[in-house]
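Text of the file upload-v1.pdb, holding PDB, C-alpha atoms:
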ATOM      1  CA  MET Z   1      56.984 174.939-112.785  1.00  0.00           C
ATOM      2  CA  GLY Z   2      57.729 178.669-112.584  1.00  0.00           C
ATOM      3  CA  ASN Z   3      54.007 179.458-112.888  1.00  0.00           C
ATOM      4  CA  MET Z   4      53.161 177.072-110.062  1.00  0.00           C
ATOM      5  CA  VAL Z   5      55.681 178.754-107.724  1.00  0.00           C
ATOM      6  CA  LEU Z   6      54.274 182.158-108.642  1.00  0.00           C
ATOM      7  CA  ILE Z   7      50.721 180.976-107.871  1.00  0.00           C
ATOM      8  CA  LEU Z   8      51.780 179.535-104.502  1.00  0.00           C
ATOM      9  CA  VAL Z   9      53.663 182.689-103.506  1.00  0.00           C
ATOM     10  CA  THR Z  10      50.790 184.964-104.600  1.00  0.00           C
ATOM     11  CA  GLY Z  11      48.236 182.822-102.762  1.00  0.00           C
ATOM     12  CA  GLY Z  12      50.354 182.796 -99.615  1.00  0.00           C
ATOM     13  CA  VAL Z  13      50.648 186.585 -99.619  1.00  0.00           C
ATOM     14  CA  CYS Z  14      46.908 187.062-100.203  1.00  0.00           C
ATOM     15  CA  PHE Z  15      45.735 184.620 -97.568  1.00  0.00           C
ATOM     16  CA  GLY Z  16      48.452 185.505 -95.047  1.00  0.00           C
ATOM     17  CA  GLY Z  17      47.196 189.094 -94.818  1.00  0.00           C
ATOM     18  CA  CYS Z  18      43.569 188.137 -94.232  1.00  0.00           C
ATOM     19  CA  ASP Z  19      43.815 186.938 -90.618  1.00  0.00           C
ATOM     20  CA  LYS Z  20      41.364 189.097 -88.607  1.00  0.00           C
ATOM     21  CA  ASP Z  21      42.268 187.464 -85.262  1.00  0.00           C
ATOM     22  CA  ASN Z  22      45.655 189.169 -85.160  1.00  0.00           C
ATOM     23  CA  GLU Z  23      44.313 192.580 -86.107  1.00  0.00           C
ATOM     24  CA  GLU Z  24      45.801 195.280 -83.891  1.00  0.00           C
ATOM     25  CA  ASP Z  25      44.459 198.707 -83.075  1.00  0.00           C
ATOM     26  CA  PRO Z  26      46.210 200.986 -85.564  1.00  0.00           C
ATOM     27  CA  LEU Z  27      46.936 203.554 -82.837  1.00  0.00           C
ATOM     28  CA  GLY Z  28      48.180 200.987 -80.327  1.00  0.00           C
ATOM     29  CA  ALA Z  29      45.455 201.881 -77.823  1.00  0.00           C
ATOM     30  CA  SER Z  30      44.041 199.340 -75.427  1.00  0.00           C
ATOM     31  CA  LYS Z  31      40.318 198.802 -75.130  1.00  0.00           C
ATOM     32  CA  PRO Z  32      38.691 200.017 -71.889  1.00  0.00           C
ATOM     33  CA  ASP Z  33      37.245 197.688 -69.280  1.00  0.00           C
ATOM     34  CA  TYR Z  34      33.664 198.813 -68.807  1.00  0.00           C
ATOM     35  CA  ASN Z  35      32.030 198.919 -65.365  1.00  0.00           C
ATOM     36  CA  MET Z  36      29.057 196.593 -65.881  1.00  0.00           C
ATOM     37  CA  LEU Z  37      27.729 196.870 -62.306  1.00  0.00           C
ATOM     38  CA  SER Z  38      24.561 198.809 -61.487  1.00  0.00           C
ATOM     39  CA  ASP Z  39      25.068 202.561 -61.210  1.00  0.00           C
ATOM     40  CA  LEU Z  40      24.461 203.510 -57.577  1.00  0.00           C
ATOM     41  CA  SER Z  41      24.692 207.241 -58.345  1.00  0.00           C
ATOM     42  CA  LYS Z  42      21.282 207.282 -60.047  1.00  0.00           C
ATOM     43  CA  GLY Z  43      19.505 206.406 -56.799  1.00  0.00           C
ATOM     44  CA  GLU Z  44      17.666 203.489 -58.411  1.00  0.00           C
ATOM     45  CA  SER Z  45      19.850 200.761 -56.892  1.00  0.00           C
ATOM     46  CA  SER Z  46      20.574 199.856 -53.300  1.00  0.00           C
ATOM     47  CA  LEU Z  47      23.599 198.256 -51.688  1.00  0.00           C
ATOM     48  CA  TYR Z  48      21.710 194.955 -51.312  1.00  0.00           C
ATOM     49  CA  LEU Z  49      23.954 192.057 -52.448  1.00  0.00           C
ATOM     50  CA  THR Z  50      26.887 194.332 -53.282  1.00  0.00           C
ATOM     51  CA  GLU Z  51      30.369 193.313 -52.187  1.00  0.00           C
ATOM     52  CA  TRP Z  52      33.366 195.603 -51.684  1.00  0.00           C
ATOM     53  CA  GLU Z  53      36.956 194.492 -51.221  1.00  0.00           C
ATOM     54  CA  TRP Z  54      40.598 195.480 -50.773  1.00  0.00           C
ATOM     55  CA  VAL Z  55      43.421 192.934 -51.061  1.00  0.00           C
ATOM     56  CA  ASN Z  56      47.158 193.568 -50.873  1.00  0.00           C
ATOM     57  CA  THR Z  57      50.058 191.472 -52.145  1.00  0.00           C
ATOM     58  CA  ALA Z  58      50.696 189.969 -48.690  1.00  0.00           C
ATOM     59  CA  GLY Z  59      47.199 188.455 -48.689  1.00  0.00           C
ATOM     60  CA  VAL Z  60      45.547 190.889 -46.269  1.00  0.00           C
ATOM     61  CA  THR Z  61      41.862 191.142 -47.184  1.00  0.00           C
ATOM     62  CA  MET Z  62      39.161 193.610 -46.197  1.00  0.00           C
ATOM     63  CA  LYS Z  63      35.671 192.796 -47.402  1.00  0.00           C
ATOM     64  CA  LEU Z  64      32.287 194.443 -46.863  1.00  0.00           C
ATOM     65  CA  SER Z  65      29.191 192.475 -47.903  1.00  0.00           C
ATOM     66  CA  PHE Z  66      25.708 194.008 -47.852  1.00  0.00           C
ATOM     67  CA  ASP Z  67      22.412 192.253 -47.209  1.00  0.00           C
ATOM     68  CA  ARG Z  68      18.964 193.868 -47.103  1.00  0.00           C
ATOM     69  CA  GLN Z  69      19.425 195.699 -43.793  1.00  0.00           C
ATOM     70  CA  GLU Z  70      22.800 194.575 -42.495  1.00  0.00           C
ATOM     71  CA  CYS Z  71      26.350 194.313 -43.694  1.00  0.00           C
ATOM     72  CA  ILE Z  72      29.356 192.353 -42.522  1.00  0.00           C
ATOM     73  CA  TYR Z  73      32.910 193.657 -42.531  1.00  0.00           C
ATOM     74  CA  THR Z  74      35.578 190.919 -42.662  1.00  0.00           C
ATOM     75  CA  TYR Z  75      39.289 191.416 -42.051  1.00  0.00           C
ATOM     76  CA  GLN Z  76      41.721 188.571 -42.701  1.00  0.00           C
ATOM     77  CA  GLU Z  77      45.536 188.690 -42.379  1.00  0.00           C
ATOM     78  CA  ASN Z  78      46.139 186.036 -45.059  1.00  0.00           C
ATOM     79  CA  THR Z  79      44.354 183.066 -46.613  1.00  0.00           C
ATOM     80  CA  ALA Z  80      45.250 180.815 -43.659  1.00  0.00           C
ATOM     81  CA  GLY Z  81      44.757 183.502 -40.988  1.00  0.00           C
ATOM     82  CA  ASN Z  82      41.862 184.074 -38.635  1.00  0.00           C
ATOM     83  CA  LYS Z  83      38.957 186.173 -39.824  1.00  0.00           C
ATOM     84  CA  THR Z  84      37.657 189.066 -37.770  1.00  0.00           C
ATOM     85  CA  THR Z  85      34.082 190.053 -38.556  1.00  0.00           C
ATOM     86  CA  THR Z  86      31.932 192.961 -37.468  1.00  0.00           C
ATOM     87  CA  LYS Z  87      28.216 193.230 -38.155  1.00  0.00           C
ATOM     88  CA  TYR Z  88      26.546 196.575 -38.903  1.00  0.00           C
ATOM     89  CA  THR Z  89      23.115 197.880 -39.813  1.00  0.00           C
ATOM     90  CA  TYR Z  90      23.265 200.529 -42.491  1.00  0.00           C
ATOM     91  CA  ASN Z  91      21.466 203.494 -43.983  1.00  0.00           C
ATOM     92  CA  PHE Z  92      22.283 204.412 -47.585  1.00  0.00           C
ATOM     93  CA  THR Z  93      21.482 207.545 -49.550  1.00  0.00           C
ATOM     94  CA  TYR Z  94      23.956 208.025 -52.379  1.00  0.00           C
ATOM     95  CA  PRO Z  95      26.803 208.883 -51.935  1.00  0.00           C
ATOM     96  CA  THR Z  96      26.728 208.300 -48.152  1.00  0.00           C
ATOM     97  CA  VAL Z  97      26.368 205.048 -46.246  1.00  0.00           C
ATOM     98  CA  VAL Z  98      26.243 205.113 -42.445  1.00  0.00           C
ATOM     99  CA  LEU Z  99      27.259 201.873 -40.720  1.00  0.00           C
ATOM    100  CA  THR Z 100      25.988 201.417 -37.161  1.00  0.00           C
ATOM    101  CA  PRO Z 101      27.775 198.614 -35.296  1.00  0.00           C
ATOM    102  CA  GLU Z 102      25.877 195.815 -33.638  1.00  0.00           C
ATOM    103  CA  LYS Z 103      28.023 196.212 -30.503  1.00  0.00           C
ATOM    104  CA  GLU Z 104      27.635 199.482 -28.605  1.00  0.00           C
ATOM    105  CA  ASP Z 105      31.350 199.716 -27.742  1.00  0.00           C
ATOM    106  CA  GLU Z 106      32.272 200.169 -31.427  1.00  0.00           C
ATOM    107  CA  SER Z 107      31.928 203.431 -33.328  1.00  0.00           C
ATOM    108  CA  VAL Z 108      29.680 204.441 -36.199  1.00  0.00           C
ATOM    109  CA  ILE Z 109      31.449 204.480 -39.566  1.00  0.00           C
ATOM    110  CA  THR Z 110      30.498 206.751 -42.454  1.00  0.00           C
ATOM    111  CA  GLY Z 111      31.302 205.777 -46.014  1.00  0.00           C
ATOM    112  CA  THR Z 112      31.409 207.799 -49.214  1.00  0.00           C
ATOM    113  CA  ILE Z 113      30.768 205.926 -52.443  1.00  0.00           C
ATOM    114  CA  VAL Z 114      31.845 206.939 -55.941  1.00  0.00           C
ATOM    115  CA  SER Z 115      29.767 205.225 -58.636  1.00  0.00           C
ATOM    116  CA  GLY Z 116      28.638 205.777 -62.204  1.00  0.00           C
ATOM    117  CA  ARG Z 117      32.025 205.910 -63.893  1.00  0.00           C
ATOM    118  CA  ILE Z 118      31.890 203.997 -67.164  1.00  0.00           C
ATOM    119  CA  THR Z 119      35.447 202.663 -67.198  1.00  0.00           C
ATOM    120  CA  GLN Z 120      36.304 202.603 -63.485  1.00  0.00           C
ATOM    121  CA  ALA Z 121      35.080 200.367 -60.700  1.00  0.00           C
ATOM    122  CA  ASP Z 122      32.958 201.831 -57.908  1.00  0.00           C
ATOM    123  CA  GLU Z 123      34.954 202.777 -54.807  1.00  0.00           C
ATOM    124  CA  ALA Z 124      34.153 203.509 -51.178  1.00  0.00           C
ATOM    125  CA  THR Z 125      36.109 205.255 -48.438  1.00  0.00           C
ATOM    126  CA  PHE Z 126      35.219 205.057 -44.737  1.00  0.00           C
ATOM    127  CA  VAL Z 127      35.875 207.343 -41.761  1.00  0.00           C
ATOM    128  CA  ASN Z 128      35.024 207.304 -38.062  1.00  0.00           C
ATOM    129  CA  ALA Z 129      33.277 210.058 -36.041  1.00  0.00           C
ATOM    130  CA  GLN Z 130      36.595 211.957 -35.861  1.00  0.00           C
ATOM    131  CA  GLU Z 131      36.806 211.937 -39.709  1.00  0.00           C
ATOM    132  CA  LYS Z 132      39.851 209.625 -39.639  1.00  0.00           C
ATOM    133  CA  PRO Z 133      40.081 206.809 -42.225  1.00  0.00           C
ATOM    134  CA  VAL Z 134      39.249 203.432 -40.693  1.00  0.00           C
ATOM    135  CA  TRP Z 135      39.788 201.089 -43.660  1.00  0.00           C
ATOM    136  CA  LYS Z 136      41.584 201.100 -46.979  1.00  0.00           C
ATOM    137  CA  LYS Z 137      39.654 202.266 -50.042  1.00  0.00           C
ATOM    138  CA  LEU Z 138      37.350 199.385 -51.000  1.00  0.00           C
ATOM    139  CA  THR Z 139      36.482 198.511 -54.605  1.00  0.00           C
ATOM    140  CA  ARG Z 140      33.118 197.056 -55.597  1.00  0.00           C
ATOM    141  CA  LYS Z 141      33.330 193.455 -56.830  1.00  0.00           C
ATOM    142  CA  LYS Z 142      29.616 192.718 -57.351  1.00  0.00           C
TER     143      LYS Z 142
END
Please, can you express the file's structure as structure tokens?
Amino acid sequence: MGNMVLILVTGGVCFGGCDKDNEEDPLGASKPDYNMLSDLSKGESSLYLTEWEWVNTAGVTMKLSFDRQECIYTYQENTAGNKTTTKYTYNFTYPTVVLTPEKEDESVITGTIVSGRITQADEATFVNAQEKPVWKKLTRKK
């Protein structure tokens, strides 16, 4: 009986320490989230089909979606609120994108894009002709 208990205890200790699923990083470091989107900084990719966004905790959303020659900026107060959209044509040469509004009474907006960082999402900031920020910093989602 004593031998059987010893075998069970020894087996439990051996098999209990072999669980690879619960293995922790010995230094306690977290693993980085890699930016898997195309690197715009190399000049080989365009803004076509990219989407940029800023959302706050109150549900305010700013989104900029690019097509082949145009992009649409959408501002929404909350998920149930009205959407305001503005259509632009654009010209992109990394790191600068110039947005020309469809309506003549609106101003041209110039954006600066930061891309190519391995562990950080691409970001874009936008200013008007007076160099004043017009939107929050947008982060690339696709």
- Task: Excluding segment 35-50 of chain Z and residues on its chain fewer than 5 positions from it, collect all residues at most 10 Å away from it, counting only C-alpha atoms, and give them as a list of chain:residue names.
- Result: Z:Leu64, Z:Ser65, Z:Phe66, Z:Asp67, Z:Arg68, Z:Gln69, Z:Glu70, Z:Cys71, Z:Tyr90, Z:Asn91, Z:Phe92, Z:Thr93, Z:Tyr94, Z:Pro95, Z:Val97, Z:Ile113, Z:Val114, Z:Ser115, Z:Gly116, Z:Arg117, Z:Ile118, Z:Thr119, Z:Gln120, Z:Ala121, Z:Asp122, Z:Arg140, Z:Lys141, Z:Lys142
- Item | Point (35.3, 197.2, -49.3), cut-off 6 Å, counting all atoms listed in the file, residues as a ChimeraX atom specification | /Z:52-54,63-64,138-139
- Of the candidates Z:Thr57, Z:Thr125, Z:Thr85, Z:Asn78, which one gets nearest to Glu102 of chain Z if we count all atoms listed in the file? Z:Thr85
- Query: By how many Å are atom CA of Asn128 of chain Z and atom CA of Ser107 of chain Z apart?
  - Reply: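 These atoms are spaced 6.9 Å apart.
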- Measuring atom to atom with all atoms listed in the file, identify which of Z:Ile72, Z:Met62, Z:Ala80, Z:Ala124 is nearest to Thr100 of chain Z. Z:Ile72
- Message: Would you compute the distance between atom CA of Glu131 of chain Z and atom CA of Tyr73 of chain Z? Give it in Å to one decimal.
- Response: 18.9 Å
- Query: When you draw a straight line from atom CA of Thr96 of chain Z to atom CA of Glu77 of chain Z, how long is it in Å?
  - Reply: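 Computed distance, atom CA of Thr96 of chain Z to atom CA of Glu77 of chain Z, equals 27.8 Å.
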- Query: Selected by the PyMOL selection byres ((chain Z and resi 126) around 6) in the shown coordinates: which residues, as a VMD selection string?
  - Reply: chain Z and resid 110 to 111 125 127 133 to 134
Using the file's own x, y and z axes, so that the box edges lie along x, y and z, what centre and edge lengths in Å (one decimal) does a box around every listed atom of segment 59-71 of chain Z get when 4 Å is added on each side? Give it as AutoDock Vina command-line options.
--center_x 33.1 --center_y 192.1 --center_z -45.6 --size_x 36.2 --size_y 15.2 --size_z 14.2
- Nearest residue to Trp135 of chain Z from the set Z:Ile109, Z:Glu104, Z:Lys87, Z:Gly59 (distances using all atoms listed in the file): Z:Ile109
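For the residues Z:Leu99, Z:Val108, Z:Val60, Z:Val55, ranking by smallest atom-to-atom distance to Gly81 of chain Z using all atoms listed in the file places Z:Val60 first.
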